[in-house]
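Heads up: the structure comes next, in structure tokens.
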Amino acid sequence: MQIRPFAEQDIHSVYAIQLECPEAAQWKLDDYLELAREPGASILIAELDASPSPLIVGFAAFQHVLEEAELRNIAVRPSHRRKGIAKALLAHSIRSLWESGAKTLYLEVRPSNHEARALYASAGFQLQYTRPGYYQNPVEDALVMSLEIPRPSRP
Ligand SMILES: CC(C)(COP(=O)(O)OP(=O)(O)OC[C@H]1O[C@@H](n2cnc3c(N)ncnc32)[C@H](O)[C@@H]1OP(=O)(O)O)[C@@H](O)C(=O)NCCC(=O)NCCS
């Protein structure tokens, strides 16, 4: 598997993964293209070697302003879960955020999203506070979590 930056031709694969993952933030197709063009934003793609062409199996979208970064979206194809793909996307992102000077990575998650919460807990995120009634359809609080971005362990 390789983790690489998003290219505009990835857009339909990324959008298809989002549609397969209702727990992910549900954006319009163009939202990804707009985010990818914003300064400080990045979308990473997880891609497997496959025949006849590589298969995109996950993505993560980040935004970085000064010392703070936010994980805006992350999703892995249901058929490829529990194989370390999200962990690899997060590790790659955390390394590149550290290199670009970010100190803290924030995210929001539904309390009912146990898979994502397990992922974030395993990556060292800690609960900061709750935003009551933040999500719609269905209405639910948001857990705001953060991670102090660690210095990469390898050069
Ligand atoms: C959350 C999500 C991205 C995890 O992707 P993934 O590639 O399956 O996660 P990984 O295989 O990298 O898991 C890394 C660790 O996270 C935890 N974890 C992930 N999924 C888990 C699950 N279903 N149950 C328990 N722990 C889980 C485990 O600690 C796991 O390590 P382990 O497999 O060695 O035990 C995936 O379930 C997904 O796409 N969900 C829908 C979209 C979504 O919820 N996005 C987040 C919105 S806030």
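Ordering of the structure tokens sets the chain letters (A, B, ...); residue numbers start at 1 within each chain; ligands are numbered from 1 in the order shown.
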Practice problem: Using DSSP on the backbone coordinates, identify the residues of chain A assigned to strand (DSSP E); present them as a PyMOL selection string. | Solution: chain A and resi 2-5+41-48+55-65+68-76+104-109+126-135+140-148
Which residues of chain A come within 7 Å of ligand 1, and for each one, what is the closest pair of atoms and their distance in Å to one decimal, counting only C-alpha atoms and all ligand atoms, sorted by chain and residue number, as a tab-separated table?
```
residue	atom	partner	partner_atom_place_in_ligand_line	distance
A:Cys21	CA	ligand 1	41 (C)	4.9
A:Pro22	CA	ligand 1	41 (C)	6.7
A:Glu23	CA	ligand 1	44 (O)	4.3
A:Ala24	CA	ligand 1	42 (C)	4.0
A:Ala25	CA	ligand 1	47 (C)	6.3
A:Asn73	CA	ligand 1	47 (C)	6.1
A:Ile74	CA	ligand 1	45 (N)	4.8
A:Ala75	CA	ligand 1	39 (O)	3.4
A:Val76	CA	ligand 1	39 (O)	3.8
A:Arg77	CA	ligand 1	39 (O)	6.1
A:Pro78	CA	ligand 1	39 (O)	6.7
A:His80	CA	ligand 1	7 (O)	6.8
A:Arg81	CA	ligand 1	8 (O)	3.3
A:Arg82	CA	ligand 1	11 (O)	3.2
A:Lys83	CA	ligand 1	11 (O)	4.2
A:Gly84	CA	ligand 1	12 (O)	3.3
A:Ile85	CA	ligand 1	7 (O)	4.0
A:Ala86	CA	ligand 1	12 (O)	3.7
A:Lys87	CA	ligand 1	12 (O)	3.6
A:Ala88	CA	ligand 1	12 (O)	6.4
A:Glu108	CA	ligand 1	48 (S)	6.0
A:Val109	CA	ligand 1	48 (S)	4.2
A:Arg110	CA	ligand 1	48 (S)	6.6
A:Asn113	CA	ligand 1	44 (O)	6.1
A:His114	CA	ligand 1	24 (N)	6.9
A:Glu115	CA	ligand 1	22 (C)	4.2
A:Ala116	CA	ligand 1	1 (C)	3.7
A:Ala118	CA	ligand 1	17 (C)	4.4
A:Leu119	CA	ligand 1	16 (O)	3.2
A:Tyr120	CA	ligand 1	16 (O)	6.8
A:Ser122	CA	ligand 1	29 (O)	4.9
```
Quiz item: Which residues in chain A does DSSP call helix (DSSP H, G or I)? List them as number ranges by chain.
Solution: A: 8-20, 29-37, 78-80, 85-99, 114-122
Output file for the selection above: C-alpha atoms, as a PDB file, in the first residue's frame:
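File produced: result33.pdb:
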```
ATOM      1  CA  GLU A   8      -7.858  15.657  -9.150  1.00  0.00           C
ATOM      2  CA  GLN A   9      -8.371  12.398 -11.058  1.00  0.00           C
ATOM      3  CA  ASP A  10      -8.895  10.637  -7.676  1.00  0.00           C
ATOM      4  CA  ILE A  11     -12.068  12.581  -7.019  1.00  0.00           C
ATOM      5  CA  HIS A  12     -14.567   9.935  -8.161  1.00  0.00           C
ATOM      6  CA  SER A  13     -12.880   7.171  -6.131  1.00  0.00           C
ATOM      7  CA  VAL A  14     -12.785   9.372  -3.040  1.00  0.00           C
ATOM      8  CA  TYR A  15     -16.420  10.314  -3.457  1.00  0.00           C
ATOM      9  CA  ALA A  16     -17.419   6.665  -3.974  1.00  0.00           C
ATOM     10  CA  ILE A  17     -15.678   5.737  -0.700  1.00  0.00           C
ATOM     11  CA  GLN A  18     -17.476   8.572   1.105  1.00  0.00           C
ATOM     12  CA  LEU A  19     -20.823   7.250  -0.171  1.00  0.00           C
ATOM     13  CA  GLU A  20     -19.931   3.768   1.085  1.00  0.00           C
ATOM     14  CA  LEU A  29     -17.869  16.259  -4.942  1.00  0.00           C
ATOM     15  CA  ASP A  30     -16.583  19.792  -5.452  1.00  0.00           C
ATOM     16  CA  ASP A  31     -15.872  20.240  -1.739  1.00  0.00           C
ATOM     17  CA  TYR A  32     -12.876  17.912  -2.100  1.00  0.00           C
ATOM     18  CA  LEU A  33     -11.535  19.833  -5.095  1.00  0.00           C
ATOM     19  CA  GLU A  34     -11.972  23.143  -3.270  1.00  0.00           C
ATOM     20  CA  LEU A  35     -10.322  21.826  -0.111  1.00  0.00           C
ATOM     21  CA  ALA A  36      -7.392  20.409  -2.103  1.00  0.00           C
ATOM     22  CA  ARG A  37      -6.727  23.878  -3.541  1.00  0.00           C
ATOM     23  CA  PRO A  78     -15.709  -1.259   4.310  1.00  0.00           C
ATOM     24  CA  SER A  79     -14.112  -4.200   2.425  1.00  0.00           C
ATOM     25  CA  HIS A  80     -10.616  -3.097   3.493  1.00  0.00           C
ATOM     26  CA  ILE A  85      -5.103   1.681   6.466  1.00  0.00           C
ATOM     27  CA  ALA A  86      -6.562   4.490   8.605  1.00  0.00           C
ATOM     28  CA  LYS A  87      -3.680   4.104  11.036  1.00  0.00           C
ATOM     29  CA  ALA A  88      -1.223   4.544   8.152  1.00  0.00           C
ATOM     30  CA  LEU A  89      -3.131   7.587   6.833  1.00  0.00           C
ATOM     31  CA  LEU A  90      -3.070   9.174  10.285  1.00  0.00           C
ATOM     32  CA  ALA A  91       0.616   8.393  10.855  1.00  0.00           C
ATOM     33  CA  HIS A  92       1.564   9.880   7.488  1.00  0.00           C
ATOM     34  CA  SER A  93      -0.537  12.969   8.111  1.00  0.00           C
ATOM     35  CA  ILE A  94       0.812  13.484  11.621  1.00  0.00           C
ATOM     36  CA  ARG A  95       4.378  13.313  10.307  1.00  0.00           C
ATOM     37  CA  SER A  96       3.733  15.847   7.570  1.00  0.00           C
ATOM     38  CA  LEU A  97       1.797  18.145   9.921  1.00  0.00           C
ATOM     39  CA  TRP A  98       4.715  18.079  12.350  1.00  0.00           C
ATOM     40  CA  GLU A  99       7.089  18.943   9.504  1.00  0.00           C
ATOM     41  CA  HIS A 114     -17.319   3.432  18.042  1.00  0.00           C
ATOM     42  CA  GLU A 115     -14.974   2.390  15.197  1.00  0.00           C
ATOM     43  CA  ALA A 116     -13.656   5.927  14.713  1.00  0.00           C
ATOM     44  CA  ARG A 117     -13.389   6.519  18.458  1.00  0.00           C
ATOM     45  CA  ALA A 118     -11.361   3.312  18.788  1.00  0.00           C
ATOM     46  CA  LEU A 119      -9.084   4.491  15.990  1.00  0.00           C
ATOM     47  CA  TYR A 120      -8.556   7.904  17.575  1.00  0.00           C
ATOM     48  CA  ALA A 121      -7.991   6.441  21.041  1.00  0.00           C
ATOM     49  CA  SER A 122      -5.415   4.046  19.601  1.00  0.00           C
TER      50      SER A 122
END
```
Exercise. May I have the residues within 9 Å of Pro132 in chain A as a list in words, using only C-alpha atoms and disregarding those fewer than 2 positions away in the same chain?
Key: Thr130, Tyr134, Tyr135, Glu140, Asp141, Ala142 and Leu143 of chain A
Quiz prompt | CA of Gly58 in chain A to CA of Leu107 in chain A, distance in Å rounded to a single decimal | solution = 17.6 Å
If we count only C-alpha atoms and set the cut-off at 6 Å, which residues sit around Phe6 in chain A, ignoring sequence neighbours fewer than 5 positions away in its own chain? Please answer as an mmCIF file with N, CA and C atoms, in the first residue's frame.
```cif
data_model
loop_
_atom_site.group_PDB
_atom_site.id
_atom_site.type_symbol
_atom_site.label_atom_id
_atom_site.label_comp_id
_atom_site.auth_asym_id
_atom_site.auth_seq_id
_atom_site.Cartn_x
_atom_site.Cartn_y
_atom_site.Cartn_z
ATOM 1 N N ILE A 43 -5.169 16.388 1.239
ATOM 2 C CA ILE A 43 -5.937 15.141 1.220
ATOM 3 C C ILE A 43 -4.938 14.048 0.876
ATOM 4 N N LEU A 44 -4.910 13.022 1.719
ATOM 5 C CA LEU A 44 -4.023 11.892 1.456
ATOM 6 C C LEU A 44 -4.856 10.705 0.990
ATOM 7 N N ILE A 45 -4.254 9.943 0.087
ATOM 8 C CA ILE A 45 -4.913 8.799 -0.526
ATOM 9 C C ILE A 45 -4.160 7.539 -0.122
#
```
